[in-house]
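Accompanying notes for the structure given below.
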Amino acid sequence: MSESRLTSIPYEDWDFEALAEISPGMKPPEMSVVGFFAHHPELARSYLSWNHYVNSRRSSLSREIREIAILRVARVRNSGYEWAQHVKIARRAGISDETVAKIRSDEKVPGVAGLIVAAVDELAGSSAIGDETYAALAREFSEKQLIDLVFLIGTYSMLSMAFNTFGVELEGT
C-alpha cells in the first residue's frame, strides 16, 4: 500500500491534550505519525502513555537493545515507516551501520544483538520465544527485562501492523 487510507485532519483540529505524551509541555510536531493518532484521541491518550514507557529510561532495557528489537520488528513486519525512523534513532544509540545492515539482510547478528533478533523472529513466527533462545536470553537479562522485551516487541509489531494497514507515510515522501 502506498498512500494513507485515512482522511487528513488539519493540524489545528488535533486534540493536543490527547497527544501530549508525544511532546510533554508543548504542542506535538506536525508529523504523519502524530496525525495518525489524531484520528482516535482516546486511544492516543492511553497508547502514547504506554509507548512512552517502553521507549523511556523507565524501561529496564537499554536504548541499544530496544532499538535492535524495534529494527528487527520493522524488518519482519515490513514496516517502512518504523524502519526509516528507527535507523536514525539506532545510529544515535550507537548501533553500527554494519549491525543495521545485518538486521535488515537476515545475516547472522553476533552476540546479544543476535539473541534479540532471534527473539523477534520467534515471536513473529510462533507468538512465543523458544526454549533455547529463552534460556540464552535469561543468562543475559533479568526477568523484568525479559518481560519488557516481549512487550516492546509486541508494541512495535502492533504499531507496524497499524501503520502498514492505514498507510502512515514518512514525512517528505
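Going by the C-alpha cells order, chains are called A, B, ..., each with residues numbered from 1, while ligands are numbered from 1 in the order shown.
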Give me the residues within 8 Å of Phe166 of chain A as a list in words, counting only C-alpha atoms and dropping any in the same chain fewer than 4 places off.
-> Ser4, Arg5, Leu6 and Ala162 of chain A
Residue neighbourhood segment 31-35 of chain A, 8 Å, only C-alpha atoms, exclusion window fewer than 3 positions, as number ranges by chain | A: 8-9, 11, 14, 19, 22, 28, 38-39, 168-171
Could you please write out, as number ranges by chain, every residue of segment 13-133 of chain A that DSSP assigns to helix (DSSP H, G or I)?
-> A: 13, 20-22, 32-37, 41-54, 63-76, 80-92, 97-105, 111-126, 131-133
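Take the candidates A:Glu42, A:Phe16, A:Glu64, A:Ser49 and check each one against Arg92 of chain A using only C-alpha atoms; the shortest distance goes to A:Glu64.
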